[in-house]
Amino acid sequence: MGAPFAAALAEPILVRCCAAIAGAQIILSALHLPAWPCVFYHVTGLPCPGCGLTRSCIALAEGHPLESLRYHLFGPLLLAGIVLMAVLAFLPARVRSPIVRAVASLERRTWIIPILFVLFCLYWPLRLAGVFPLPA
């Protein structure tokens, strides 16, 4: 079993780009400035699987964990991943490498990425069915 998140973390340019894009989306939204709109929603009229993730991250960053979970259960995980990427983005390779190896080991031992992917895919239809209400 591979370690896709660790592999991404090992690439400084990719990490910097992802952290910058995600950070910009969250900061722009937190400041109530225009951010990137959801293409899925504009094309289909349905909330996308990630609907509420930005608001979830903002709520958590503002110290409102329960509100964060109401917006999206995966928001805290996303914010943790973004923070990890932002920290690793500018660390020298000798410091970043052991962290990437530890993440890779965790991924291989626990299968965390495939498990999270399946849960994320199951969470969306449950939200659409009203089991986990969508954010207003």
# chains A, B, ... in the order shown; residues from 1 in each chain; ligands from 1
>>> closest_atom_pairs(of="stretch 70-130 of chain A", to="stretch 5-11 of chain A", cutoff="9 Å", atoms="only C-alpha atoms", output="tab-separated table")
residue	atom	partner	partner_atom	distance
A:Leu84	CA	A:Leu9	CA	8.8
A:Met85	CA	A:Leu9	CA	6.7
A:Leu88	CA	A:Leu9	CA	7.4
A:Ala89	CA	A:Leu9	CA	8.1
A:Ala93	CA	A:Ala10	CA	8.6
A:Arg96	CA	A:Ala10	CA	7.7
A:Ser97	CA	A:Ala10	CA	7.2
A:Ile99	CA	A:Ala6	CA	8.8
A:Val100	CA	A:Ala6	CA	5.4
A:Arg101	CA	A:Ala6	CA	7.2
A:Ala102	CA	A:Ala6	CA	8.4
A:Val103	CA	A:Ala6	CA	5.6
A:Ala104	CA	A:Ala6	CA	5.0
A:Ser105	CA	A:Ala6	CA	8.7
A:Glu107	CA	A:Ala6	CA	7.8
A:Ile113	CA	A:Phe5	CA	7.7
>>> write_last_selection(atoms="all heavy atoms", output="CSV table (one decimal), in the first residue's frame")
chain,number,residue,atom,x,y,z
A,84,LEU,N,-0.2,21.3,8.3
A,84,LEU,CA,1.0,20.5,8.1
A,84,LEU,C,1.7,20.8,6.8
A,84,LEU,O,3.0,21.0,6.8
A,84,LEU,CB,0.6,19.0,8.1
A,84,LEU,CG,1.8,18.0,7.9
A,84,LEU,CD1,2.8,18.1,9.1
A,84,LEU,CD2,1.2,16.6,7.9
A,85,MET,N,1.0,21.0,5.8
A,85,MET,CA,1.6,21.4,4.5
A,85,MET,C,2.3,22.8,4.6
A,85,MET,O,3.4,22.9,4.1
A,85,MET,CB,0.6,21.5,3.4
A,85,MET,CG,0.1,20.1,2.9
A,85,MET,SD,-0.9,20.1,1.4
A,85,MET,CE,-2.3,21.1,1.9
A,88,LEU,N,5.5,22.3,6.6
A,88,LEU,CA,6.5,21.6,5.9
A,88,LEU,C,7.0,22.3,4.6
A,88,LEU,O,8.1,22.1,4.1
A,88,LEU,CB,6.0,20.2,5.5
A,88,LEU,CG,5.8,19.2,6.6
A,88,LEU,CD1,5.2,17.9,6.0
A,88,LEU,CD2,7.0,19.0,7.4
A,89,ALA,N,6.2,23.2,4.1
A,89,ALA,CA,6.5,23.9,2.8
A,89,ALA,C,7.9,24.6,2.9
A,89,ALA,O,8.6,24.7,1.8
A,89,ALA,CB,5.4,24.9,2.5
A,93,ALA,N,15.1,20.1,3.7
A,93,ALA,CA,14.8,18.7,3.5
A,93,ALA,C,15.3,17.8,4.6
A,93,ALA,O,14.6,16.8,4.9
A,93,ALA,CB,15.6,18.3,2.2
A,96,ARG,N,12.4,18.1,7.0
A,96,ARG,CA,11.1,17.6,6.4
A,96,ARG,C,11.1,16.1,6.2
A,96,ARG,O,10.1,15.5,6.4
A,96,ARG,CB,10.9,18.4,5.1
A,96,ARG,CG,9.5,18.1,4.5
A,96,ARG,CD,9.3,18.8,3.2
A,96,ARG,NE,10.3,18.6,2.2
A,96,ARG,CZ,11.2,19.5,1.8
A,96,ARG,NH1,11.2,20.7,2.3
A,96,ARG,NH2,12.1,19.2,0.8
A,97,SER,N,12.2,15.5,5.8
A,97,SER,CA,12.3,14.1,5.5
A,97,SER,C,11.8,13.2,6.6
A,97,SER,O,11.0,12.3,6.3
A,97,SER,CB,13.7,13.7,5.0
A,97,SER,OG,13.9,14.4,3.8
A,99,ILE,N,9.8,13.8,9.0
A,99,ILE,CA,8.3,14.0,9.2
A,99,ILE,C,7.6,13.3,8.1
A,99,ILE,O,6.6,12.6,8.3
A,99,ILE,CB,8.0,15.5,9.2
A,99,ILE,CG1,8.7,16.1,10.4
A,99,ILE,CG2,6.5,15.7,9.3
A,99,ILE,CD1,8.7,17.6,10.4
A,100,VAL,N,8.0,13.4,6.8
A,100,VAL,CA,7.4,12.7,5.7
A,100,VAL,C,7.5,11.2,5.9
A,100,VAL,O,6.5,10.5,5.6
A,100,VAL,CB,8.1,13.2,4.4
A,100,VAL,CG1,7.6,12.3,3.2
A,100,VAL,CG2,7.8,14.7,4.1
A,101,ARG,N,8.6,10.7,6.3
A,101,ARG,CA,8.7,9.3,6.6
A,101,ARG,C,7.8,8.8,7.6
A,101,ARG,O,7.1,7.7,7.5
A,101,ARG,CB,10.2,8.9,6.9
A,101,ARG,CG,11.1,8.8,5.7
A,101,ARG,CD,12.4,8.1,6.1
A,101,ARG,NE,13.1,8.8,7.2
A,101,ARG,CZ,14.0,9.8,7.0
A,101,ARG,NH1,14.2,10.3,5.8
A,101,ARG,NH2,14.6,10.3,8.1
A,102,ALA,N,7.6,9.6,8.7
A,102,ALA,CA,6.6,9.2,9.8
A,102,ALA,C,5.2,9.2,9.2
A,102,ALA,O,4.4,8.3,9.5
A,102,ALA,CB,6.8,10.2,10.9
A,103,VAL,N,4.9,10.2,8.4
A,103,VAL,CA,3.5,10.2,7.8
A,103,VAL,C,3.3,9.0,6.9
A,103,VAL,O,2.3,8.4,6.9
A,103,VAL,CB,3.3,11.6,7.0
A,103,VAL,CG1,2.0,11.5,6.2
A,103,VAL,CG2,3.2,12.7,8.0
A,104,ALA,N,4.3,8.7,6.1
A,104,ALA,CA,4.3,7.6,5.2
A,104,ALA,C,4.1,6.3,6.0
A,104,ALA,O,3.2,5.4,5.6
A,104,ALA,CB,5.5,7.5,4.3
A,105,SER,N,4.8,6.1,7.1
A,105,SER,CA,4.6,4.9,7.9
A,105,SER,C,3.2,4.8,8.5
A,105,SER,O,2.6,3.8,8.5
A,105,SER,CB,5.7,5.0,9.0
A,105,SER,OG,5.5,3.9,9.9
A,107,GLU,N,0.5,6.1,7.2
A,107,GLU,CA,-0.4,5.8,6.1
A,107,GLU,C,-0.4,4.3,5.8
A,107,GLU,O,-1.4,3.7,5.5
A,107,GLU,CB,0.0,6.6,4.8
A,107,GLU,CG,-0.5,8.0,4.9
A,107,GLU,CD,-0.2,8.7,3.5
A,107,GLU,OE1,-1.0,8.5,2.6
A,107,GLU,OE2,0.9,9.4,3.4
A,113,ILE,N,-5.6,6.9,4.5
A,113,ILE,CA,-6.1,7.7,3.3
A,113,ILE,C,-7.3,6.9,2.6
A,113,ILE,O,-8.3,7.5,2.4
A,113,ILE,CB,-4.9,8.0,2.3
A,113,ILE,CG1,-3.9,8.8,3.0
A,113,ILE,CG2,-5.5,8.6,1.0
A,113,ILE,CD1,-4.4,10.2,3.5
>>> closest_residue(among="A:Ala30, A:Ala86, A:Val95, A:Leu66", to="A:Thr54", atoms="only C-alpha atoms")
A:Ala30
>>> residues_around(residues="A:Phe40", least_positions_apart="4", cutoff="10 Å", atoms="only C-alpha atoms", output="compact mmCIF listing (two decimals) with N, CA and C atoms, in the first residue's frame")
# COMPACT_ATOMS: atom_id res chain seq x y z
N THR A 44 -24.22 21.80 -11.35
CA THR A 44 -25.29 20.84 -11.04
C THR A 44 -26.43 21.41 -10.21
N GLY A 45 -26.16 22.48 -9.47
CA GLY A 45 -27.16 23.02 -8.54
C GLY A 45 -27.23 22.25 -7.23
N LEU A 46 -26.37 21.23 -7.10
CA LEU A 46 -26.31 20.43 -5.87
C LEU A 46 -25.07 20.80 -5.06
N PRO A 47 -25.16 20.68 -3.74
CA PRO A 47 -23.96 20.89 -2.94
C PRO A 47 -22.93 19.82 -3.26
N CYS A 48 -21.68 20.21 -3.32
CA CYS A 48 -20.62 19.25 -3.64
C CYS A 48 -20.24 18.46 -2.39
N PRO A 49 -19.45 17.40 -2.55
CA PRO A 49 -19.04 16.62 -1.38
C PRO A 49 -18.28 17.45 -0.34
N GLY A 50 -17.63 18.50 -0.79
CA GLY A 50 -16.86 19.34 0.13
C GLY A 50 -17.61 20.57 0.61
N CYS A 51 -18.89 20.63 0.34
CA CYS A 51 -19.68 21.81 0.73
C CYS A 51 -19.55 22.03 2.24
>>> residues_around(residues="A:Leu69", least_positions_apart="2", cutoff="10 Å", atoms="only C-alpha atoms", output="JSON, numbers by chain")
{"A": [52, 53, 55, 56, 57, 59, 60, 64, 65, 66, 67, 71, 72, 73, 74, 75, 76]}
>>> write_last_selection(atoms="C-alpha atoms", output="mmCIF file, in the first residue's frame")
data_model
loop_
_atom_site.group_PDB
_atom_site.id
_atom_site.type_symbol
_atom_site.label_atom_id
_atom_site.label_comp_id
_atom_site.auth_asym_id
_atom_site.auth_seq_id
_atom_site.Cartn_x
_atom_site.Cartn_y
_atom_site.Cartn_z
ATOM 1 C CA GLY A 52 -18.945 23.563 4.023
ATOM 2 C CA LEU A 53 -15.250 22.660 4.248
ATOM 3 C CA ARG A 55 -16.555 27.436 6.606
ATOM 4 C CA SER A 56 -15.606 24.465 8.793
ATOM 5 C CA CYS A 57 -11.930 25.430 8.658
ATOM 6 C CA ALA A 59 -14.930 28.099 12.395
ATOM 7 C CA LEU A 60 -12.199 25.874 13.808
ATOM 8 C CA HIS A 64 -15.505 27.064 17.407
ATOM 9 C CA PRO A 65 -14.960 23.282 17.098
ATOM 10 C CA LEU A 66 -18.629 22.247 17.324
ATOM 11 C CA GLU A 67 -19.646 24.791 14.706
ATOM 12 C CA TYR A 71 -20.347 22.697 8.705
ATOM 13 C CA HIS A 72 -18.415 19.566 7.691
ATOM 14 C CA LEU A 73 -17.078 16.616 9.688
ATOM 15 C CA PHE A 74 -13.902 16.561 7.619
ATOM 16 C CA GLY A 75 -13.082 20.264 8.128
ATOM 17 C CA PRO A 76 -10.783 19.724 11.123
#
>>> select_by_dssp(residues="stretch 2-124 of chain A", states="helix (DSSP H, G or I)", output="ChimeraX atom specification")
/A:4-9,12-30,39-44,53-61,65-71,75-88,93-110,112-124
>>> atom_distance(atom1="atom CA of A:Phe90", atom2="atom CA of A:Ala20")
11.9 Å
>>> decode(residues="stretch 53-74 of chain A", atoms="N, CA, C and O atoms", output="PDB file, in the first residue's frame")
ATOM      1  N   LEU A  53     -16.610  22.858   3.754  1.00  0.00           N
ATOM      2  CA  LEU A  53     -15.250  22.660   4.248  1.00  0.00           C
ATOM      3  C   LEU A  53     -14.553  23.975   4.585  1.00  0.00           C
ATOM      4  O   LEU A  53     -13.885  24.080   5.619  1.00  0.00           O
ATOM      5  N   THR A  54     -14.701  24.975   3.724  1.00  0.00           N
ATOM      6  CA  THR A  54     -14.063  26.261   3.994  1.00  0.00           C
ATOM      7  C   THR A  54     -14.621  26.865   5.273  1.00  0.00           C
ATOM      8  O   THR A  54     -13.871  27.290   6.160  1.00  0.00           O
ATOM      9  N   ARG A  55     -15.935  26.878   5.395  1.00  0.00           N
ATOM     10  CA  ARG A  55     -16.555  27.436   6.606  1.00  0.00           C
ATOM     11  C   ARG A  55     -16.181  26.623   7.837  1.00  0.00           C
ATOM     12  O   ARG A  55     -16.012  27.169   8.932  1.00  0.00           O
ATOM     13  N   SER A  56     -16.026  25.314   7.683  1.00  0.00           N
ATOM     14  CA  SER A  56     -15.606  24.465   8.793  1.00  0.00           C
ATOM     15  C   SER A  56     -14.205  24.842   9.260  1.00  0.00           C
ATOM     16  O   SER A  56     -13.950  24.948  10.462  1.00  0.00           O
ATOM     17  N   CYS A  57     -13.307  25.046   8.314  1.00  0.00           N
ATOM     18  CA  CYS A  57     -11.930  25.430   8.658  1.00  0.00           C
ATOM     19  C   CYS A  57     -11.895  26.790   9.341  1.00  0.00           C
ATOM     20  O   CYS A  57     -11.172  26.984  10.324  1.00  0.00           O
ATOM     21  N   ILE A  58     -12.682  27.722   8.833  1.00  0.00           N
ATOM     22  CA  ILE A  58     -12.731  29.060   9.432  1.00  0.00           C
ATOM     23  C   ILE A  58     -13.266  28.976  10.859  1.00  0.00           C
ATOM     24  O   ILE A  58     -12.707  29.578  11.780  1.00  0.00           O
ATOM     25  N   ALA A  59     -14.347  28.229  11.055  1.00  0.00           N
ATOM     26  CA  ALA A  59     -14.930  28.099  12.395  1.00  0.00           C
ATOM     27  C   ALA A  59     -13.915  27.499  13.370  1.00  0.00           C
ATOM     28  O   ALA A  59     -13.784  27.964  14.506  1.00  0.00           O
ATOM     29  N   LEU A  60     -13.188  26.497  12.938  1.00  0.00           N
ATOM     30  CA  LEU A  60     -12.199  25.874  13.808  1.00  0.00           C
ATOM     31  C   LEU A  60     -11.064  26.851  14.113  1.00  0.00           C
ATOM     32  O   LEU A  60     -10.625  26.957  15.257  1.00  0.00           O
ATOM     33  N   ALA A  61     -10.598  27.560  13.098  1.00  0.00           N
ATOM     34  CA  ALA A  61      -9.531  28.543  13.303  1.00  0.00           C
ATOM     35  C   ALA A  61      -9.969  29.659  14.254  1.00  0.00           C
ATOM     36  O   ALA A  61      -9.142  30.239  14.957  1.00  0.00           O
ATOM     37  N   GLU A  62     -11.267  29.948  14.274  1.00  0.00           N
ATOM     38  CA  GLU A  62     -11.790  30.981  15.175  1.00  0.00           C
ATOM     39  C   GLU A  62     -12.122  30.422  16.555  1.00  0.00           C
ATOM     40  O   GLU A  62     -12.631  31.140  17.413  1.00  0.00           O
ATOM     41  N   GLY A  63     -11.850  29.123  16.761  1.00  0.00           N
ATOM     42  CA  GLY A  63     -12.052  28.527  18.069  1.00  0.00           C
ATOM     43  C   GLY A  63     -13.445  27.991  18.335  1.00  0.00           C
ATOM     44  O   GLY A  63     -13.873  27.911  19.482  1.00  0.00           O
ATOM     45  N   HIS A  64     -14.149  27.596  17.274  1.00  0.00           N
ATOM     46  CA  HIS A  64     -15.505  27.064  17.407  1.00  0.00           C
ATOM     47  C   HIS A  64     -15.557  25.630  16.864  1.00  0.00           C
ATOM     48  O   HIS A  64     -16.068  25.394  15.768  1.00  0.00           O
ATOM     49  N   PRO A  65     -15.051  24.652  17.624  1.00  0.00           N
ATOM     50  CA  PRO A  65     -14.960  23.282  17.098  1.00  0.00           C
ATOM     51  C   PRO A  65     -16.307  22.634  16.788  1.00  0.00           C
ATOM     52  O   PRO A  65     -16.420  21.918  15.791  1.00  0.00           O
ATOM     53  N   LEU A  66     -17.326  22.867  17.605  1.00  0.00           N
ATOM     54  CA  LEU A  66     -18.629  22.247  17.324  1.00  0.00           C
ATOM     55  C   LEU A  66     -19.264  22.846  16.081  1.00  0.00           C
ATOM     56  O   LEU A  66     -19.855  22.126  15.267  1.00  0.00           O
ATOM     57  N   GLU A  67     -19.138  24.144  15.920  1.00  0.00           N
ATOM     58  CA  GLU A  67     -19.646  24.791  14.706  1.00  0.00           C
ATOM     59  C   GLU A  67     -18.890  24.258  13.489  1.00  0.00           C
ATOM     60  O   GLU A  67     -19.486  24.008  12.438  1.00  0.00           O
ATOM     61  N   SER A  68     -17.587  24.062  13.642  1.00  0.00           N
ATOM     62  CA  SER A  68     -16.772  23.508  12.563  1.00  0.00           C
ATOM     63  C   SER A  68     -17.305  22.150  12.129  1.00  0.00           C
ATOM     64  O   SER A  68     -17.464  21.885  10.940  1.00  0.00           O
ATOM     65  N   LEU A  69     -17.611  21.287  13.094  1.00  0.00           N
ATOM     66  CA  LEU A  69     -18.120  19.953  12.773  1.00  0.00           C
ATOM     67  C   LEU A  69     -19.513  20.011  12.166  1.00  0.00           C
ATOM     68  O   LEU A  69     -19.866  19.161  11.348  1.00  0.00           O
ATOM     69  N   ARG A  70     -20.303  21.007  12.536  1.00  0.00           N
ATOM     70  CA  ARG A  70     -21.637  21.152  11.925  1.00  0.00           C
ATOM     71  C   ARG A  70     -21.524  21.533  10.450  1.00  0.00           C
ATOM     72  O   ARG A  70     -22.338  21.101   9.634  1.00  0.00           O
ATOM     73  N   TYR A  71     -20.530  22.330  10.115  1.00  0.00           N
ATOM     74  CA  TYR A  71     -20.347  22.697   8.705  1.00  0.00           C
ATOM     75  C   TYR A  71     -19.884  21.501   7.883  1.00  0.00           C
ATOM     76  O   TYR A  71     -20.364  21.269   6.785  1.00  0.00           O
ATOM     77  N   HIS A  72     -18.911  20.746   8.408  1.00  0.00           N
ATOM     78  CA  HIS A  72     -18.415  19.566   7.691  1.00  0.00           C
ATOM     79  C   HIS A  72     -17.550  18.756   8.642  1.00  0.00           C
ATOM     80  O   HIS A  72     -16.622  19.286   9.245  1.00  0.00           O
ATOM     81  N   LEU A  73     -17.836  17.465   8.768  1.00  0.00           N
ATOM     82  CA  LEU A  73     -17.078  16.616   9.688  1.00  0.00           C
ATOM     83  C   LEU A  73     -15.599  16.509   9.321  1.00  0.00           C
ATOM     84  O   LEU A  73     -14.760  16.259  10.176  1.00  0.00           O
ATOM     85  N   PHE A  74     -15.281  16.709   8.055  1.00  0.00           N
ATOM     86  CA  PHE A  74     -13.902  16.561   7.619  1.00  0.00           C
ATOM     87  C   PHE A  74     -13.118  17.872   7.663  1.00  0.00           C
ATOM     88  O   PHE A  74     -11.934  17.890   7.355  1.00  0.00           O
TER      89      PHE A  74
END
